[in-house]
Amino acid sequence: MPDVSSEMVLEKLRNVRGPDMESNIVDLGLVSDVFISDGKAYFSITVPADRAKELEPMRAAAERVVREIPGVKAAMVALTADRKAAPQSAPVQRPAPASGQPHGQRPAGAAKTGIPGVGAIIAVASGKGGVGKSTTSVNLALALQANGLKVGLLDADIYGPSMPRLLKISGRPQQIEGRLIRPMENYGLKVMSMGFLVDEEVAMIWRGPMIQSALLQMLREVAWGELDVLVVDMPPGTGDAQLTMAQQVPLAGAVIVSTPQDLALVDARKGLTMFRKVEVPVLGIVENMSYFVAPDTGTRYDIFGHGGAKKEAERIGVPFLGEVPLTMAIRETSDAGTPLVVSEPEGQVARIYREIAARVWEQVAVARQDKSRVMPNIVFE
């Protein structure tokens, strides 16, 4: 059986007519870069925002013809709404929106679509990489579970997924009815990550629209079942993934992870500012790698300083959720895929994570009581 190439996919997609019903979607320039991995084809189709729902049959047709290619096991196809896209498309006459609201924009206060069965969605974010955000995410999820909740974990870092290794999960998710796929599972957590769909050595070279599409599909086309909370391990920074989550998903709030030193706090402030601008509640700040206790002497060392995240939380008026020490056990168990909350559940660090999880859940309840928040209207130009 021949290897599937992007050229083969594009040639097949020339059989799918575009929104103008005359030219095909490839010649109209609507198809993103095609990515092939393990017999699966990933791409998006750019369409006008106000016609996205109407053009769903076009997306389905594209998925169908690509799956007909010998060697293709599955196709992940998404419509990417772009208000400036497809000038060749024939205009569709529609009633003018109320109050002069432009087509394709989310009206202020409009409800965001949740995930069926999922009670709350929490984003774990950081302003920069290297602060232990993913390790915090996985231990936070396990700690919420240890506190009695039903928990799922989404690895939203498309470029650098780490959950397969952190949770020692291998294999590929199975597709079930419709377009749904069954999440992977270990230690009682339901988990989804791009790392389950592509090989670890594969470099993901995707533009913003594909990142947005992949993230939303991993959110909405996974059979999460009944969950009290879905923890989302965000990529570092304030880019496409964060804005997609803020615009499209009803986040219960965000947890910011930082180390104590000023350099990390400067970047953490950017994440705090972004979530506040898009009116997502900041549930609090975790100070990771807060201090180090030498195992042979018991001497404490503040390697990255100490207390910076707590002072920042007090300064801007958000909860300080707790401080996690820098220990060799956290590093060793993370590399081994046996997080401390499950491998040493009665240990000091596991207790710290459970306390942080309890504070996070308390803040979710506080945010839910705030009925005065109006969801923002975010427009990408």
# chains A, B, ... in the order shown; residues from 1 in each chain; ligands from 1

call {"tool": "select_by_dssp", "arguments": {"residues": "stretch 218-287 of chain A", "states": "helix (DSSP H, G or I)", "output": "PDB file with N, CA, C and O atoms, in the first residue's frame"}}
result
ATOM      1  N   MET A 218     -10.337  18.453  19.793  1.00  0.00           N
ATOM      2  CA  MET A 218      -9.978  17.647  20.959  1.00  0.00           C
ATOM      3  C   MET A 218     -10.888  17.961  22.145  1.00  0.00           C
ATOM      4  O   MET A 218     -11.063  17.138  23.030  1.00  0.00           O
ATOM      5  N   LEU A 219     -11.460  19.146  22.156  1.00  0.00           N
ATOM      6  CA  LEU A 219     -12.417  19.486  23.199  1.00  0.00           C
ATOM      7  C   LEU A 219     -13.780  18.875  22.936  1.00  0.00           C
ATOM      8  O   LEU A 219     -14.377  18.235  23.812  1.00  0.00           O
ATOM      9  N   ARG A 220     -14.299  19.051  21.721  1.00  0.00           N
ATOM     10  CA  ARG A 220     -15.703  18.778  21.442  1.00  0.00           C
ATOM     11  C   ARG A 220     -15.957  17.435  20.775  1.00  0.00           C
ATOM     12  O   ARG A 220     -17.112  16.987  20.739  1.00  0.00           O
ATOM     13  N   ASP A 240      -2.435  31.652  20.052  1.00  0.00           N
ATOM     14  CA  ASP A 240      -3.677  31.193  19.428  1.00  0.00           C
ATOM     15  C   ASP A 240      -4.493  30.275  20.335  1.00  0.00           C
ATOM     16  O   ASP A 240      -5.716  30.387  20.404  1.00  0.00           O
ATOM     17  N   ALA A 241      -3.817  29.341  21.009  1.00  0.00           N
ATOM     18  CA  ALA A 241      -4.561  28.386  21.831  1.00  0.00           C
ATOM     19  C   ALA A 241      -5.290  29.090  22.968  1.00  0.00           C
ATOM     20  O   ALA A 241      -6.458  28.799  23.247  1.00  0.00           O
ATOM     21  N   GLN A 242      -4.604  30.030  23.626  1.00  0.00           N
ATOM     22  CA  GLN A 242      -5.236  30.740  24.730  1.00  0.00           C
ATOM     23  C   GLN A 242      -6.417  31.572  24.262  1.00  0.00           C
ATOM     24  O   GLN A 242      -7.476  31.588  24.900  1.00  0.00           O
ATOM     25  N   LEU A 243      -6.254  32.267  23.142  1.00  0.00           N
ATOM     26  CA  LEU A 243      -7.342  33.092  22.631  1.00  0.00           C
ATOM     27  C   LEU A 243      -8.508  32.240  22.141  1.00  0.00           C
ATOM     28  O   LEU A 243      -9.668  32.620  22.276  1.00  0.00           O
ATOM     29  N   THR A 244      -8.217  31.089  21.557  1.00  0.00           N
ATOM     30  CA  THR A 244      -9.283  30.182  21.129  1.00  0.00           C
ATOM     31  C   THR A 244     -10.099  29.718  22.335  1.00  0.00           C
ATOM     32  O   THR A 244     -11.333  29.710  22.301  1.00  0.00           O
ATOM     33  N   MET A 245      -9.410  29.335  23.398  1.00  0.00           N
ATOM     34  CA  MET A 245     -10.112  28.903  24.601  1.00  0.00           C
ATOM     35  C   MET A 245     -10.958  30.036  25.171  1.00  0.00           C
ATOM     36  O   MET A 245     -12.112  29.839  25.561  1.00  0.00           O
ATOM     37  N   ALA A 246     -10.388  31.245  25.216  1.00  0.00           N
ATOM     38  CA  ALA A 246     -11.112  32.377  25.788  1.00  0.00           C
ATOM     39  C   ALA A 246     -12.328  32.745  24.958  1.00  0.00           C
ATOM     40  O   ALA A 246     -13.378  33.112  25.491  1.00  0.00           O
ATOM     41  N   GLN A 247     -12.230  32.622  23.629  1.00  0.00           N
ATOM     42  CA  GLN A 247     -13.322  33.035  22.746  1.00  0.00           C
ATOM     43  C   GLN A 247     -14.414  31.979  22.625  1.00  0.00           C
ATOM     44  O   GLN A 247     -15.595  32.309  22.581  1.00  0.00           O
ATOM     45  N   GLN A 248     -14.009  30.705  22.595  1.00  0.00           N
ATOM     46  CA  GLN A 248     -14.948  29.653  22.223  1.00  0.00           C
ATOM     47  C   GLN A 248     -15.453  28.809  23.385  1.00  0.00           C
ATOM     48  O   GLN A 248     -16.467  28.117  23.243  1.00  0.00           O
ATOM     49  N   ASP A 262      11.881  37.186  39.444  1.00  0.00           N
ATOM     50  CA  ASP A 262      11.254  38.313  38.747  1.00  0.00           C
ATOM     51  C   ASP A 262      11.052  38.028  37.267  1.00  0.00           C
ATOM     52  O   ASP A 262      10.041  38.421  36.683  1.00  0.00           O
ATOM     53  N   LEU A 263      12.020  37.357  36.621  1.00  0.00           N
ATOM     54  CA  LEU A 263      11.914  37.107  35.181  1.00  0.00           C
ATOM     55  C   LEU A 263      10.671  36.300  34.848  1.00  0.00           C
ATOM     56  O   LEU A 263       9.951  36.596  33.884  1.00  0.00           O
ATOM     57  N   ALA A 264      10.380  35.267  35.648  1.00  0.00           N
ATOM     58  CA  ALA A 264       9.186  34.451  35.409  1.00  0.00           C
ATOM     59  C   ALA A 264       7.935  35.235  35.738  1.00  0.00           C
ATOM     60  O   ALA A 264       6.907  35.109  35.047  1.00  0.00           O
ATOM     61  N   LEU A 265       7.990  36.054  36.774  1.00  0.00           N
ATOM     62  CA  LEU A 265       6.807  36.816  37.175  1.00  0.00           C
ATOM     63  C   LEU A 265       6.419  37.851  36.130  1.00  0.00           C
ATOM     64  O   LEU A 265       5.232  38.133  35.929  1.00  0.00           O
ATOM     65  N   VAL A 266       7.409  38.425  35.449  1.00  0.00           N
ATOM     66  CA  VAL A 266       7.115  39.381  34.378  1.00  0.00           C
ATOM     67  C   VAL A 266       6.261  38.713  33.310  1.00  0.00           C
ATOM     68  O   VAL A 266       5.266  39.275  32.830  1.00  0.00           O
ATOM     69  N   ASP A 267       6.623  37.488  32.934  1.00  0.00           N
ATOM     70  CA  ASP A 267       5.848  36.772  31.916  1.00  0.00           C
ATOM     71  C   ASP A 267       4.511  36.293  32.467  1.00  0.00           C
ATOM     72  O   ASP A 267       3.510  36.245  31.744  1.00  0.00           O
ATOM     73  N   ALA A 268       4.482  35.916  33.753  1.00  0.00           N
ATOM     74  CA  ALA A 268       3.215  35.489  34.354  1.00  0.00           C
ATOM     75  C   ALA A 268       2.199  36.623  34.339  1.00  0.00           C
ATOM     76  O   ALA A 268       1.002  36.393  34.152  1.00  0.00           O
ATOM     77  N   ARG A 269       2.672  37.859  34.527  1.00  0.00           N
ATOM     78  CA  ARG A 269       1.765  39.012  34.503  1.00  0.00           C
ATOM     79  C   ARG A 269       1.083  39.142  33.149  1.00  0.00           C
ATOM     80  O   ARG A 269      -0.070  39.571  33.068  1.00  0.00           O
ATOM     81  N   LYS A 270       1.785  38.772  32.077  1.00  0.00           N
ATOM     82  CA  LYS A 270       1.184  38.843  30.746  1.00  0.00           C
ATOM     83  C   LYS A 270       0.000  37.882  30.650  1.00  0.00           C
ATOM     84  O   LYS A 270      -1.041  38.216  30.071  1.00  0.00           O
ATOM     85  N   GLY A 271       0.183  36.671  31.185  1.00  0.00           N
ATOM     86  CA  GLY A 271      -0.916  35.720  31.180  1.00  0.00           C
ATOM     87  C   GLY A 271      -2.083  36.197  32.022  1.00  0.00           C
ATOM     88  O   GLY A 271      -3.243  36.090  31.619  1.00  0.00           O
ATOM     89  N   LEU A 272      -1.782  36.754  33.186  1.00  0.00           N
ATOM     90  CA  LEU A 272      -2.829  37.302  34.040  1.00  0.00           C
ATOM     91  C   LEU A 272      -3.591  38.404  33.331  1.00  0.00           C
ATOM     92  O   LEU A 272      -4.829  38.456  33.353  1.00  0.00           O
ATOM     93  N   THR A 273      -2.843  39.290  32.676  1.00  0.00           N
ATOM     94  CA  THR A 273      -3.472  40.414  31.982  1.00  0.00           C
ATOM     95  C   THR A 273      -4.361  39.929  30.848  1.00  0.00           C
ATOM     96  O   THR A 273      -5.475  40.430  30.649  1.00  0.00           O
ATOM     97  N   MET A 274      -3.895  38.913  30.100  1.00  0.00           N
ATOM     98  CA  MET A 274      -4.684  38.406  28.977  1.00  0.00           C
ATOM     99  C   MET A 274      -6.016  37.845  29.461  1.00  0.00           C
ATOM    100  O   MET A 274      -7.076  38.171  28.924  1.00  0.00           O
ATOM    101  N   PHE A 275      -5.981  36.995  30.492  1.00  0.00           N
ATOM    102  CA  PHE A 275      -7.223  36.398  30.974  1.00  0.00           C
ATOM    103  C   PHE A 275      -8.171  37.459  31.528  1.00  0.00           C
ATOM    104  O   PHE A 275      -9.386  37.367  31.358  1.00  0.00           O
ATOM    105  N   ARG A 276      -7.627  38.463  32.182  1.00  0.00           N
ATOM    106  CA  ARG A 276      -8.485  39.530  32.692  1.00  0.00           C
ATOM    107  C   ARG A 276      -9.114  40.323  31.555  1.00  0.00           C
ATOM    108  O   ARG A 276     -10.277  40.712  31.633  1.00  0.00           O
ATOM    109  N   LYS A 277      -8.360  40.555  30.494  1.00  0.00           N
ATOM    110  CA  LYS A 277      -8.905  41.320  29.367  1.00  0.00           C
ATOM    111  C   LYS A 277     -10.054  40.592  28.697  1.00  0.00           C
ATOM    112  O   LYS A 277     -10.980  41.224  28.185  1.00  0.00           O
TER     113      LYS A 277
END

call {"tool": "residues_around", "arguments": {"residues": "stretch 29-39 of chain A", "least_positions_apart": "3", "cutoff": "8 Å", "atoms": "only C-alpha atoms", "output": "ChimeraX atom specification"}}
result
/A:4-6,9-10,25-26,42-47,71-74,86,197-199,206,210

call {"tool": "closest_residue", "arguments": {"among": "A:Asp20, A:Glu11, A:Glu68, A:Asp296", "to": "A:Leu55", "atoms": "only C-alpha atoms"}}
result
A:Asp20

call {"tool": "atom_distance", "arguments": {"atom1": "atom CA of A:Asp335", "atom2": "atom CA of A:Ser137"}}
result
14.7 Å

call {"tool": "atom_distance", "arguments": {"atom1": "atom CA of A:Lys133", "atom2": "atom CA of A:Tyr159"}}
result
14.9 Å
